[in-house]
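**Q** Got a structure for you, start.csv, holding CSV, C-alpha atoms.
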chain,number,residue,atom,x,y,z
A,1,MET,CA,26.4,-3.7,-21.5
A,2,GLN,CA,24.8,-0.3,-21.7
A,3,HIS,CA,21.0,0.1,-22.4
A,4,GLU,CA,19.2,3.1,-23.8
A,5,ASN,CA,16.4,2.9,-21.3
A,6,ILE,CA,18.5,3.1,-18.1
A,7,VAL,CA,17.1,4.9,-15.1
A,8,GLU,CA,19.3,6.1,-12.2
A,9,PHE,CA,18.1,7.2,-8.8
A,10,GLU,CA,19.1,7.4,-5.1
A,11,LEU,CA,17.2,5.2,-2.6
A,12,THR,CA,17.4,6.3,1.0
A,13,GLY,CA,15.8,5.4,4.3
A,14,ASP,CA,16.4,5.5,8.1
A,15,TRP,CA,16.0,1.7,8.4
A,16,ALA,CA,16.1,-1.4,6.1
A,17,LEU,CA,15.5,-5.1,6.6
A,18,PHE,CA,16.7,-7.2,3.7
A,19,SER,CA,16.1,-10.6,5.2
A,20,ASP,CA,16.3,-14.1,3.8
A,21,PRO,CA,12.6,-15.4,3.5
A,22,ILE,CA,13.7,-18.8,4.9
A,23,THR,CA,14.7,-17.2,8.2
A,24,ARG,CA,11.6,-15.2,8.7
A,25,ILE,CA,9.5,-18.0,10.0
A,26,GLY,CA,11.7,-18.3,13.1
A,27,GLY,CA,10.5,-15.1,14.6
A,28,GLU,CA,14.0,-13.4,14.8
A,29,LYS,CA,14.7,-11.4,11.6
A,30,PHE,CA,18.2,-10.4,10.7
A,31,SER,CA,19.0,-8.1,7.7
A,32,TYR,CA,21.6,-8.9,5.1
A,33,GLN,CA,24.4,-6.3,5.0
A,34,ILE,CA,23.5,-5.3,1.4
A,35,PRO,CA,20.2,-5.0,-0.4
A,36,THR,CA,18.7,-8.0,-2.2
A,37,TYR,CA,18.0,-7.7,-5.9
A,38,GLU,CA,14.3,-8.4,-5.2
A,39,ALA,CA,14.1,-5.6,-2.6
A,40,ILE,CA,15.6,-3.0,-5.0
A,41,LYS,CA,13.3,-4.3,-7.8
A,42,GLY,CA,10.3,-4.0,-5.5
A,43,ALA,CA,11.2,-0.4,-4.7
A,44,LEU,CA,11.5,0.4,-8.4
A,45,GLN,CA,8.1,-1.3,-9.1
A,46,SER,CA,6.6,1.0,-6.5
A,47,VAL,CA,7.9,3.9,-8.5
A,48,TYR,CA,6.5,2.7,-11.8
A,49,ALA,CA,5.5,-0.8,-13.1
A,50,LYS,CA,3.4,-2.4,-15.8
A,51,PRO,CA,3.0,-6.1,-16.7
A,52,THR,CA,4.2,-5.1,-20.2
A,53,PHE,CA,7.8,-5.0,-19.0
A,54,ILE,CA,10.2,-6.3,-16.4
A,55,TRP,CA,12.7,-4.2,-14.4
A,56,VAL,CA,16.3,-5.4,-14.4
A,57,ILE,CA,18.6,-4.1,-11.6
A,58,ASP,CA,22.1,-3.6,-13.0
A,59,SER,CA,24.0,-2.3,-10.1
A,60,VAL,CA,23.9,-0.6,-6.7
A,61,ARG,CA,26.4,1.7,-5.0
A,62,VAL,CA,26.5,1.6,-1.2
A,63,MET,CA,27.0,5.2,-0.2
A,64,ASN,CA,26.8,5.0,3.6
A,65,GLN,CA,28.6,2.8,6.0
A,66,ILE,CA,26.9,-0.5,6.8
A,67,GLN,CA,25.5,-0.3,10.3
A,68,THR,CA,23.0,-2.5,12.2
A,69,GLU,CA,20.8,-2.0,15.2
A,70,ALA,CA,18.6,-4.5,17.0
A,71,LYS,CA,15.1,-3.6,18.1
A,72,GLY,CA,12.7,-5.5,20.5
A,73,ILE,CA,9.5,-6.3,18.6
A,74,ARG,CA,6.3,-7.8,19.8
A,75,PRO,CA,4.9,-9.7,16.8
A,76,ILE,CA,1.8,-11.9,16.8
A,77,LYS,CA,2.5,-15.6,17.5
A,78,TYR,CA,2.1,-18.1,14.7
A,79,THR,CA,0.1,-20.5,16.9
A,80,SER,CA,-2.2,-18.0,18.8
A,81,PRO,CA,-3.4,-14.4,18.7
A,82,GLU,CA,-1.1,-13.5,21.6
A,83,ASN,CA,2.0,-11.4,21.3
A,84,ASP,CA,5.5,-12.8,21.3
A,85,LEU,CA,8.9,-11.2,21.9
A,86,SER,CA,11.5,-11.1,19.2
A,87,TYR,CA,14.5,-9.1,18.2
A,88,TYR,CA,14.8,-7.7,14.6
A,89,THR,CA,18.2,-6.5,13.4
A,90,TYR,CA,17.9,-3.6,11.0
A,91,LEU,CA,20.3,-1.7,8.8
A,92,LYS,CA,20.2,2.0,9.7
A,93,ASP,CA,20.9,5.2,7.8
A,94,CYS,CA,20.7,3.6,4.4
A,95,ARG,CA,21.6,5.3,1.2
A,96,TYR,CA,22.1,3.7,-2.2
A,97,GLN,CA,22.6,4.7,-5.8
A,98,VAL,CA,20.7,2.4,-8.2
A,99,ARG,CA,21.0,1.8,-12.0
A,100,ALA,CA,18.4,-0.3,-13.8
A,101,HIS,CA,16.7,-0.8,-17.1
A,102,PHE,CA,13.6,-2.6,-18.4
A,103,ILE,CA,13.0,-5.3,-20.9
A,104,TRP,CA,9.8,-6.4,-22.6
A,105,ASN,CA,7.9,-9.3,-20.8
A,106,GLU,CA,7.8,-11.9,-23.5
A,107,ASN,CA,5.4,-14.0,-21.4
A,108,ARG,CA,2.8,-11.3,-22.1
A,109,PRO,CA,2.2,-11.4,-25.9
A,110,GLU,CA,-1.3,-10.0,-25.3
A,111,LEU,CA,0.3,-6.7,-24.2
A,112,ALA,CA,2.6,-6.4,-27.2
A,113,GLY,CA,0.7,-3.3,-28.4
A,114,ASP,CA,1.8,-1.5,-25.2
A,115,ARG,CA,5.5,-1.9,-26.0
A,116,ASN,CA,6.4,1.8,-26.5
A,117,GLU,CA,9.9,2.2,-25.1
A,118,ASN,CA,9.9,6.0,-25.1
A,119,LYS,CA,6.5,6.2,-23.3
A,120,HIS,CA,7.5,3.9,-20.4
A,121,TYR,CA,11.0,5.3,-20.1
A,122,PHE,CA,9.8,8.9,-19.7
A,123,ILE,CA,7.0,8.0,-17.4
A,124,ALA,CA,9.5,6.2,-15.2
A,125,LYS,CA,11.8,9.2,-15.2
A,126,ARG,CA,8.9,11.5,-14.2
A,127,MET,CA,7.8,9.1,-11.4
A,128,ILE,CA,11.3,9.1,-10.0
A,129,GLU,CA,11.3,12.9,-9.9
A,130,ARG,CA,8.0,12.8,-8.1
A,131,GLY,CA,9.1,10.2,-5.5
A,132,GLY,CA,7.2,7.3,-7.0
A,133,ARG,CA,3.6,6.3,-7.5
A,134,ARG,CA,3.2,4.1,-4.3
A,135,ASP,CA,4.8,3.9,-0.9
A,136,ILE,CA,8.4,2.6,-1.1
A,137,PHE,CA,9.9,0.2,1.4
A,138,LEU,CA,13.4,-1.0,2.1
A,139,GLY,CA,12.7,-4.7,2.5
A,140,THR,CA,9.7,-4.6,4.8
A,141,ARG,CA,6.6,-2.5,5.4
A,142,GLU,CA,7.9,-0.7,8.5
A,143,CYS,CA,11.1,0.5,6.7
A,144,GLN,CA,9.9,3.6,4.6
A,145,GLY,CA,12.1,4.5,1.6
A,146,TYR,CA,12.5,7.5,-0.6
A,147,VAL,CA,13.7,8.0,-4.1
A,148,GLU,CA,15.1,11.0,-6.0
A,149,PRO,CA,17.0,11.4,-9.3
A,150,CYS,CA,20.8,11.2,-9.2
A,151,VAL,CA,23.8,10.7,-11.5
A,152,TYR,CA,25.0,7.2,-10.9
A,153,GLY,CA,28.7,7.2,-9.9
A,154,GLU,CA,28.8,10.8,-8.6
A,155,GLY,CA,29.7,11.4,-4.9
A,156,GLN,CA,31.9,9.6,-2.5
A,157,GLY,CA,30.7,6.2,-1.3
A,158,ALA,CA,31.8,4.7,2.1
A,159,TYR,CA,33.4,1.7,0.4
A,160,ASP,CA,34.9,3.1,-2.8
A,161,SER,CA,38.4,2.3,-1.6
A,162,VAL,CA,37.7,-1.3,-0.5
A,163,PRO,CA,38.8,-3.6,-3.2
A,164,GLU,CA,36.3,-6.4,-2.5
A,165,MET,CA,33.9,-7.7,0.1
A,166,ASP,CA,32.4,-11.2,-0.2
A,167,PHE,CA,29.0,-11.9,1.3
A,168,GLY,CA,28.7,-15.6,0.4
A,169,LEU,CA,25.6,-17.3,-1.0
A,170,MET,CA,22.7,-14.9,-0.8
A,171,TYR,CA,19.0,-14.7,-1.7
A,172,HIS,CA,18.6,-13.0,-5.1
A,173,GLY,CA,14.8,-13.0,-5.6
A,174,ILE,CA,11.7,-15.0,-6.6
A,175,THR,CA,10.8,-15.7,-10.2
A,176,TYR,CA,7.0,-16.0,-10.7
A,177,PRO,CA,5.5,-17.6,-13.8
A,178,ASP,CA,4.7,-14.3,-15.6
A,179,GLU,CA,8.5,-13.5,-15.5
A,180,ALA,CA,9.8,-17.0,-16.4
A,181,TYR,CA,13.0,-17.0,-18.5
A,182,SER,CA,13.3,-20.8,-19.3
A,183,ASP,CA,11.3,-24.0,-19.6
A,184,GLU,CA,12.4,-25.0,-16.1
A,185,THR,CA,10.9,-21.8,-14.5
A,186,ARG,CA,7.8,-21.7,-16.7
A,187,GLY,CA,4.6,-22.5,-14.7
A,188,LYS,CA,6.5,-22.5,-11.4
A,189,MET,CA,7.5,-20.3,-8.5
A,190,THR,CA,11.3,-20.3,-8.4
A,191,ILE,CA,13.8,-19.1,-5.8
A,192,ARG,CA,17.0,-17.6,-7.0
A,193,LEU,CA,20.4,-17.5,-5.2
A,194,TRP,CA,23.8,-15.9,-6.1
A,195,ARG,CA,27.2,-15.4,-4.6
A,196,ALA,CA,27.2,-11.8,-3.6
A,197,LYS,CA,30.3,-9.5,-3.9
A,198,MET,CA,30.8,-5.8,-3.5
A,199,ILE,CA,33.7,-4.4,-5.5
A,200,ARG,CA,34.8,-0.8,-4.5
A,201,GLY,CA,31.4,-0.1,-3.1
A,202,GLU,CA,29.5,-1.3,-6.1
A,203,ILE,CA,27.3,-4.4,-6.3
A,204,LEU,CA,26.9,-5.8,-9.8
A,205,TYR,CA,23.8,-8.0,-9.8
A,206,PRO,CA,23.6,-10.9,-12.3
A,207,PRO,CA,20.4,-11.1,-14.3
A,208,PRO,CA,17.9,-13.7,-13.0
A,209,GLN,CA,18.7,-16.2,-15.7
A,210,ASP,CA,22.4,-16.3,-14.5
A,211,CYS,CA,21.5,-17.2,-10.9
A,212,ILE,CA,21.3,-20.5,-9.1
A,213,HIS,CA,17.6,-21.3,-9.3
A,214,ARG,CA,15.5,-23.8,-7.4
A,215,PRO,CA,11.8,-24.4,-8.3
A,216,VAL,CA,9.6,-24.4,-5.2
A,217,ARG,CA,6.1,-25.3,-6.5
A,218,ASP,CA,3.8,-25.2,-9.5
A,219,MET,CA,2.0,-21.9,-10.1
A,220,ALA,CA,-0.3,-20.6,-12.8
A,221,MET,CA,0.3,-17.3,-14.5
A,222,LYS,CA,-2.3,-14.7,-14.0
A,223,PRO,CA,-4.2,-14.2,-17.3
A,224,PHE,CA,-5.0,-10.8,-18.8
A,225,GLY,CA,-7.9,-10.0,-21.2
A,226,GLU,CA,-11.4,-8.6,-21.5
A,227,LYS,CA,-13.0,-11.9,-20.5
A,228,TYR,CA,-11.1,-11.8,-17.2
A,229,GLY,CA,-12.2,-8.2,-16.4
A,230,ASN,CA,-8.7,-6.9,-15.9
A,231,PHE,CA,-7.8,-5.6,-19.3
A,232,SER,CA,-10.1,-3.8,-21.7
A,233,GLY,CA,-7.7,-2.7,-24.4
A,234,LEU,CA,-4.7,-0.5,-24.7
A,235,GLY,CA,-6.6,2.5,-23.4
A,236,GLU,CA,-6.1,1.1,-19.9
A,237,PHE,CA,-2.3,1.5,-20.3
A,238,LYS,CA,-2.3,5.1,-21.6
A,239,GLU,CA,-0.7,7.5,-19.2
A,240,VAL,CA,-3.0,10.4,-18.2
A,241,GLU,CA,-1.2,13.5,-16.9
I need this file expressed as structure tokens, please.
**A**
Amino acid sequence: MQHENIVEFELTGDWALFSDPITRIGGEKFSYQIPTYEAIKGALQSVYAKPTFIWVIDSVRVMNQIQTEAKGIRPIKYTSPENDLSYYTYLKDCRYQVRAHFIWNENRPELAGDRNENKHYFIAKRMIERGGRRDIFLGTRECQGYVEPCVYGEGQGAYDSVPEMDFGLMYHGITYPDEAYSDETRGKMTIRLWRAKMIRGEILYPPPQDCIHRPVRDMAMKPFGEKYGNFSGLGEFKEVE
């Protein structure tokens, strides 16, 4: 299904670490071979984000060959302030084409007055052209990323001729209460999983509501309003150039 508010951009970086959050506590981090939905969404939120809407990642093209490299890291131990020795396995020389769109956040009726599709769409386009509003990362803080406009589908990808690659059950993302999509996810932090496939170099991500979801714990949604000191009317959401 095509949406009118689609944005397309190229996401690049020398290194990436798209790791399963469950494996991070062990000290040894190992990247997935393809980006997680949450990592791509996080990069786009660094380009431009508002609580008024939710970014939905439609698809990603893997343009460069998948390569990994292990690095010796000295992180802080969990049990003491001393250093430990670990190996982190990163993806290197990463380049992706991304297609995404946004939908209104129905969990934020107090921001309904800010639902101006043209405004947010054109601001997002300008922010992509300028490289984003905030620093962009490919999975983790040490993996700097960069964005620039592109025409999705143009150019030769490394896996365009490969019919299908199956990556098994994979972490999709986390649903927080302010982006809940069902009664089961409302008021909770929920982990999403999906069965990842890449078809001719393209990853078609399912929307959050179509994933396998597992509630983790109860969580309250952050309120907005004048009495909370974080929203003083629509003037706060007007773009100043």
**Q** Using all atoms listed in the file, which of the listed residues (A:Asp84, A:Asp20, A:Glu202, A:Asp218) sits closest to Met165 in chain A?
**A**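 Closest to Met165 in chain A of all the choices is A:Glu202.
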**Q** Just the residues within 10 Å of Tyr159 in chain A, please, counting all atoms listed in the file, with nothing from its chain fewer than 6 positions along; format it as a ChimeraX atom specification.
**A** /A:61-66,165,198-202
**Q** Put those residues in a file: C-alpha atoms, as a short mmCIF file (atom, residue, chain, number, x, y, z; two decimals), in the coordinates of the input.
**A**
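File produced: again_5.cif:
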data_model
loop_
_atom_site.label_atom_id
_atom_site.label_comp_id
_atom_site.auth_asym_id
_atom_site.auth_seq_id
_atom_site.Cartn_x
_atom_site.Cartn_y
_atom_site.Cartn_z
CA ARG A 61 26.40 1.70 -5.00
CA VAL A 62 26.50 1.60 -1.20
CA MET A 63 27.00 5.20 -0.20
CA ASN A 64 26.80 5.00 3.60
CA GLN A 65 28.60 2.80 6.00
CA ILE A 66 26.90 -0.50 6.80
CA MET A 165 33.90 -7.70 0.10
CA MET A 198 30.80 -5.80 -3.50
CA ILE A 199 33.70 -4.40 -5.50
CA ARG A 200 34.80 -0.80 -4.50
CA GLY A 201 31.40 -0.10 -3.10
CA GLU A 202 29.50 -1.30 -6.10
#
**Q** When distances are computed from only C-alpha atoms, which of A:Ile22, A:Val216, A:Val60, A:Ile73 shows the smallest separation from Ala39 in chain A?
**A** A:Val60
**Q** Just how far from CA of Tyr176 in chain A is CA of Tyr78 in chain A, in Å to one decimal?
**A**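 Straight-line distance from CA of Tyr78 in chain A to CA of Tyr176 in chain A works out to 26.0 Å.
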**Q** Can you pull out the residues contacting Ser46 in chain A? Cut-off 7 Å, using only C-alpha atoms, and skip same-chain residues under 2 positions away; I want them as a PyMOL selection string.
**A** chain A and resi 42-44+48-49+132-136
**Q** Near Ser86 in chain A, counting all atoms listed in the file, which residues have an atom at most 12 Å away, once you skip same-chain residues fewer than 6 positions from it, shown as a PDB file with C-alpha atoms, keeping the file's coordinate frame?
**A**
ATOM      1  CA  ARG A  24      11.600 -15.200   8.700  1.00  0.00           C
ATOM      2  CA  ILE A  25       9.500 -18.000  10.000  1.00  0.00           C
ATOM      3  CA  GLY A  26      11.700 -18.300  13.100  1.00  0.00           C
ATOM      4  CA  GLY A  27      10.500 -15.100  14.600  1.00  0.00           C
ATOM      5  CA  GLU A  28      14.000 -13.400  14.800  1.00  0.00           C
ATOM      6  CA  LYS A  29      14.700 -11.400  11.600  1.00  0.00           C
ATOM      7  CA  PHE A  30      18.200 -10.400  10.700  1.00  0.00           C
ATOM      8  CA  ALA A  70      18.600  -4.500  17.000  1.00  0.00           C
ATOM      9  CA  LYS A  71      15.100  -3.600  18.100  1.00  0.00           C
ATOM     10  CA  GLY A  72      12.700  -5.500  20.500  1.00  0.00           C
ATOM     11  CA  ILE A  73       9.500  -6.300  18.600  1.00  0.00           C
ATOM     12  CA  ARG A  74       6.300  -7.800  19.800  1.00  0.00           C
ATOM     13  CA  PRO A  75       4.900  -9.700  16.800  1.00  0.00           C
ATOM     14  CA  ILE A  76       1.800 -11.900  16.800  1.00  0.00           C
ATOM     15  CA  LYS A  77       2.500 -15.600  17.500  1.00  0.00           C
TER      16      LYS A  77
END
**Q** Check the smallest atom-to-atom distance from each of A:Val56, A:Met127, A:Cys143, A:Ala180 to Met221 in chain A using only C-alpha atoms, then report the winner.
**A**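 Looking only at the distances to Met221 in chain A, the closest residue turns out to be A:Ala180.
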**Q** Using all atoms listed in the file, which residue out of A:Ala100, A:Ile174, A:Leu11, A:Leu85 lies closest to Ser59 in chain A?
**A** A:Ala100
**Q** Under the rule that all atoms listed in the file are counted, which of A:Thr190, A:Gln45, A:Thr12, A:Thr185 is the nearest residue to Ala124 in chain A?
**A** A:Gln45
**Q** Using Å and a single decimal, report how far CA of Ile57 in chain A sits from CA of Pro207 in chain A.
**A**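 Computing it gives 7.7 Å between the two atoms.
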**Q** Between CA of Asn5 in chain A and CA of Ser161 in chain A, what distance in Å does the model show, to one decimal?
**A**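 Calculated distance between CA of Asn5 in chain A and CA of Ser161 in chain A is 29.5 Å.
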**Q** Counting all atoms listed in the file, what is within 12 Å of range 102-106 of chain A, bar same-chain residues fewer than 6 positions away, as an MDAnalysis selection string?
**A** chainID A and resid 2:7 41 44:45 48:58 112:118 120:121 124 177:182 186 207
**Q** If you keep C-alpha atoms, can you produce a file of those selected residues as a short mmCIF file (atom, residue, chain, number, x, y, z; two decimals), in the coordinates of the input?
**A**
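So the final result, stored in part_17.cif, reads:
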data_model
loop_
_atom_site.label_atom_id
_atom_site.label_comp_id
_atom_site.auth_asym_id
_atom_site.auth_seq_id
_atom_site.Cartn_x
_atom_site.Cartn_y
_atom_site.Cartn_z
CA GLN A 2 24.80 -0.30 -21.70
CA HIS A 3 21.00 0.10 -22.40
CA GLU A 4 19.20 3.10 -23.80
CA ASN A 5 16.40 2.90 -21.30
CA ILE A 6 18.50 3.10 -18.10
CA VAL A 7 17.10 4.90 -15.10
CA LYS A 41 13.30 -4.30 -7.80
CA LEU A 44 11.50 0.40 -8.40
CA GLN A 45 8.10 -1.30 -9.10
CA TYR A 48 6.50 2.70 -11.80
CA ALA A 49 5.50 -0.80 -13.10
CA LYS A 50 3.40 -2.40 -15.80
CA PRO A 51 3.00 -6.10 -16.70
CA THR A 52 4.20 -5.10 -20.20
CA PHE A 53 7.80 -5.00 -19.00
CA ILE A 54 10.20 -6.30 -16.40
CA TRP A 55 12.70 -4.20 -14.40
CA VAL A 56 16.30 -5.40 -14.40
CA ILE A 57 18.60 -4.10 -11.60
CA ASP A 58 22.10 -3.60 -13.00
CA ALA A 112 2.60 -6.40 -27.20
CA GLY A 113 0.70 -3.30 -28.40
CA ASP A 114 1.80 -1.50 -25.20
CA ARG A 115 5.50 -1.90 -26.00
CA ASN A 116 6.40 1.80 -26.50
CA GLU A 117 9.90 2.20 -25.10
CA ASN A 118 9.90 6.00 -25.10
CA HIS A 120 7.50 3.90 -20.40
CA TYR A 121 11.00 5.30 -20.10
CA ALA A 124 9.50 6.20 -15.20
CA PRO A 177 5.50 -17.60 -13.80
CA ASP A 178 4.70 -14.30 -15.60
CA GLU A 179 8.50 -13.50 -15.50
CA ALA A 180 9.80 -17.00 -16.40
CA TYR A 181 13.00 -17.00 -18.50
CA SER A 182 13.30 -20.80 -19.30
CA ARG A 186 7.80 -21.70 -16.70
CA PRO A 207 20.40 -11.10 -14.30
#
**Q** From the set A:Leu111, A:Ile123, A:Ile128, A:Ile34, which residue has the shortest atom-to-atom contact distance to Glu8 in chain A, counting all atoms listed in the file?
**A** A:Ile128
**Q** Would you mind putting N, CA and C atoms back on range 123-143 of chain A and writing the result as a CSV table (one decimal), in the coordinates of the input?
**A**
chain,number,residue,atom,x,y,z
A,123,ILE,N,7.9,8.1,-18.6
A,123,ILE,CA,7.0,8.0,-17.4
A,123,ILE,C,7.8,7.6,-16.2
A,124,ALA,N,8.7,6.6,-16.3
A,124,ALA,CA,9.5,6.2,-15.2
A,124,ALA,C,10.4,7.3,-14.7
A,125,LYS,N,11.0,8.1,-15.6
A,125,LYS,CA,11.8,9.2,-15.2
A,125,LYS,C,11.0,10.2,-14.4
A,126,ARG,N,9.8,10.5,-14.9
A,126,ARG,CA,8.9,11.5,-14.2
A,126,ARG,C,8.5,11.0,-12.8
A,127,MET,N,8.2,9.7,-12.7
A,127,MET,CA,7.8,9.1,-11.4
A,127,MET,C,8.9,9.1,-10.4
A,128,ILE,N,10.2,9.0,-10.9
A,128,ILE,CA,11.3,9.1,-10.0
A,128,ILE,C,11.5,10.5,-9.5
A,129,GLU,N,11.3,11.5,-10.3
A,129,GLU,CA,11.3,12.9,-9.9
A,129,GLU,C,10.3,13.2,-8.9
A,130,ARG,N,9.1,12.6,-9.0
A,130,ARG,CA,8.0,12.8,-8.1
A,130,ARG,C,8.0,11.9,-6.8
A,131,GLY,N,9.0,11.1,-6.7
A,131,GLY,CA,9.1,10.2,-5.5
A,131,GLY,C,8.3,8.9,-5.6
A,132,GLY,N,7.8,8.6,-6.8
A,132,GLY,CA,7.2,7.3,-7.0
A,132,GLY,C,5.7,7.4,-6.9
A,133,ARG,N,5.0,6.3,-7.4
A,133,ARG,CA,3.6,6.3,-7.5
A,133,ARG,C,3.0,5.7,-6.2
A,134,ARG,N,3.7,4.8,-5.5
A,134,ARG,CA,3.2,4.1,-4.3
A,134,ARG,C,4.3,4.3,-3.2
A,135,ASP,N,3.9,3.9,-2.0
A,135,ASP,CA,4.8,3.9,-0.9
A,135,ASP,C,6.0,3.0,-1.2
A,136,ILE,N,7.2,3.4,-0.9
A,136,ILE,CA,8.4,2.6,-1.1
A,136,ILE,C,8.9,2.1,0.2
A,137,PHE,N,9.4,0.8,0.2
A,137,PHE,CA,9.9,0.2,1.4
A,137,PHE,C,11.3,-0.4,1.1
A,138,LEU,N,12.1,-0.4,2.1
A,138,LEU,CA,13.4,-1.0,2.1
A,138,LEU,C,13.3,-2.4,2.7
A,139,GLY,N,12.8,-3.3,2.0
A,139,GLY,CA,12.7,-4.7,2.5
A,139,GLY,C,11.4,-5.1,3.1
A,140,THR,N,11.0,-4.3,4.1
A,140,THR,CA,9.7,-4.6,4.8
A,140,THR,C,8.9,-3.3,5.0
A,141,ARG,N,7.6,-3.6,5.3
A,141,ARG,CA,6.6,-2.5,5.4
A,141,ARG,C,7.0,-1.4,6.4
A,142,GLU,N,7.7,-1.7,7.5
A,142,GLU,CA,7.9,-0.7,8.5
A,142,GLU,C,9.2,0.1,8.1
A,143,CYS,N,9.9,-0.2,7.0
A,143,CYS,CA,11.1,0.5,6.7
A,143,CYS,C,10.7,1.4,5.4
